[in-house]
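A short worksheet on the structure shown next.
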Amino acid sequence: MTSGDTDEVKQHVAAHWGRRAAHFDEDFGHSIRTPAERAAWDRILDLVLDGRGVLDALDIGCGTGFLALELATRGHRVTGADFAPAMVAVARRKAAERGAAIRIEEADAALSQPRRAALSSEEENSLIVPPRSNATACGMLAP
């Protein structure tokens, strides 16, 4: 696959997510709608984050910012990144509406330098949330 082919594929992928952005949060798993879902997410995040203090979190493939917002509301410093401009726009709007201090960037994780993506990174107070399909980080966290 040539660079030109890759660019065309990426344009199609971005367009696909762009078409879904406005209603993405309506899909199951992209928002919290019930008390049971709230309780489940609280349990998961409490287990993962328990006792770790304030973290610098990088959410690659953040979409409309669901997980980035969940982390920010728990007091963490969050950077979200997504490839699709429409998803980034929705995530930024949601962060602004909630008054959340989240940095949301349009970025292509495939072009970044690979990093260890895990819940416990080599740095004590960092959390890198790997995307579903790509375990590279964009290097957007401050050193």
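Chain labels run A, B, ... following the order of the structure tokens; each chain numbers its residues from 1, and ligands are numbered from 1 in the order shown.
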Considering only C-alpha atoms, return as number ranges by chain whatever protein or nucleic-acid residues lie within 6 Å of Thr79 in chain A, sequence-local ones (same chain, fewer than 4 positions apart) excluded.
A: 58, 102-104
Env of Ala89 in chain A: 12 Å cut, atoms = only C-alpha atoms, seq-sep filter 5 positions within chain, self excluded. Answer as a CSV table (one decimal) with C-alpha atoms, in the first residue's frame.
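result_34.csv was written with the following content:
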chain,number,residue,atom,x,y,z
A,17,TRP,CA,-16.5,8.4,12.1
A,18,GLY,CA,-17.5,11.9,11.0
A,21,ALA,CA,-20.0,11.5,15.6
A,22,ALA,CA,-23.3,13.4,16.1
A,62,CYS,CA,-11.1,9.2,22.6
A,63,GLY,CA,-14.1,9.5,20.2
A,64,THR,CA,-16.6,11.9,21.7
A,65,GLY,CA,-14.6,12.0,25.0
A,80,GLY,CA,-7.8,13.0,24.6
A,81,ALA,CA,-6.8,12.3,21.0
A,82,ASP,CA,-8.8,11.1,18.0
A,83,PHE,CA,-8.2,10.9,14.3
A,84,ALA,CA,-11.7,12.1,13.2
A,94,LYS,CA,-18.8,18.2,25.7
A,95,ALA,CA,-15.8,19.1,27.8
A,96,ALA,CA,-16.6,22.8,27.4
A,103,ARG,CA,-7.0,18.8,26.2
A,104,ILE,CA,-8.5,17.3,23.1
A,105,GLU,CA,-6.3,16.9,20.1
A,106,GLU,CA,-6.8,15.8,16.5
Where does DSSP see helix (DSSP H, G or I) in range 38-75 of chain A, if you list the residues as number ranges by chain?
A: 38-49, 66-73
For C-alpha atoms, I'd like the residues from the last selection saved as a compact mmCIF listing (two decimals), in the first residue's frame.
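Below is the file out-v8.txt, written as the result:
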# COMPACT_ATOMS: atom_id res chain seq x y z
CA ARG A 38 -23.12 4.35 36.42
CA ALA A 39 -22.45 1.82 39.19
CA ALA A 40 -20.60 -0.51 36.80
CA TRP A 41 -18.34 2.25 35.45
CA ASP A 42 -17.68 3.55 38.96
CA ARG A 43 -16.65 0.05 40.10
CA ILE A 44 -14.33 -0.44 37.10
CA LEU A 45 -12.66 2.94 37.40
CA ASP A 46 -12.35 2.65 41.17
CA LEU A 47 -10.55 -0.69 40.73
CA VAL A 48 -8.20 0.64 38.06
CA LEU A 49 -7.47 3.98 39.68
CA PHE A 66 -16.66 9.58 27.19
CA LEU A 67 -13.71 8.02 29.05
CA ALA A 68 -11.67 11.24 29.05
CA LEU A 69 -14.56 13.01 30.77
CA GLU A 70 -14.97 10.20 33.29
CA LEU A 71 -11.29 10.50 34.22
CA ALA A 72 -11.39 14.30 34.38
CA THR A 73 -14.39 14.27 36.70
Taking into account only C-alpha atoms, which residue in the set A:Ile60, A:Val9, A:Val78, A:Ile32 is nearest to Ala100 in chain A?
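The answer is A:Val78, which sits nearest to Ala100 in chain A.
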Computed interatomic separation between CA of Gln11 in chain A and CA of Ala86 in chain A (Å)
12.4 Å
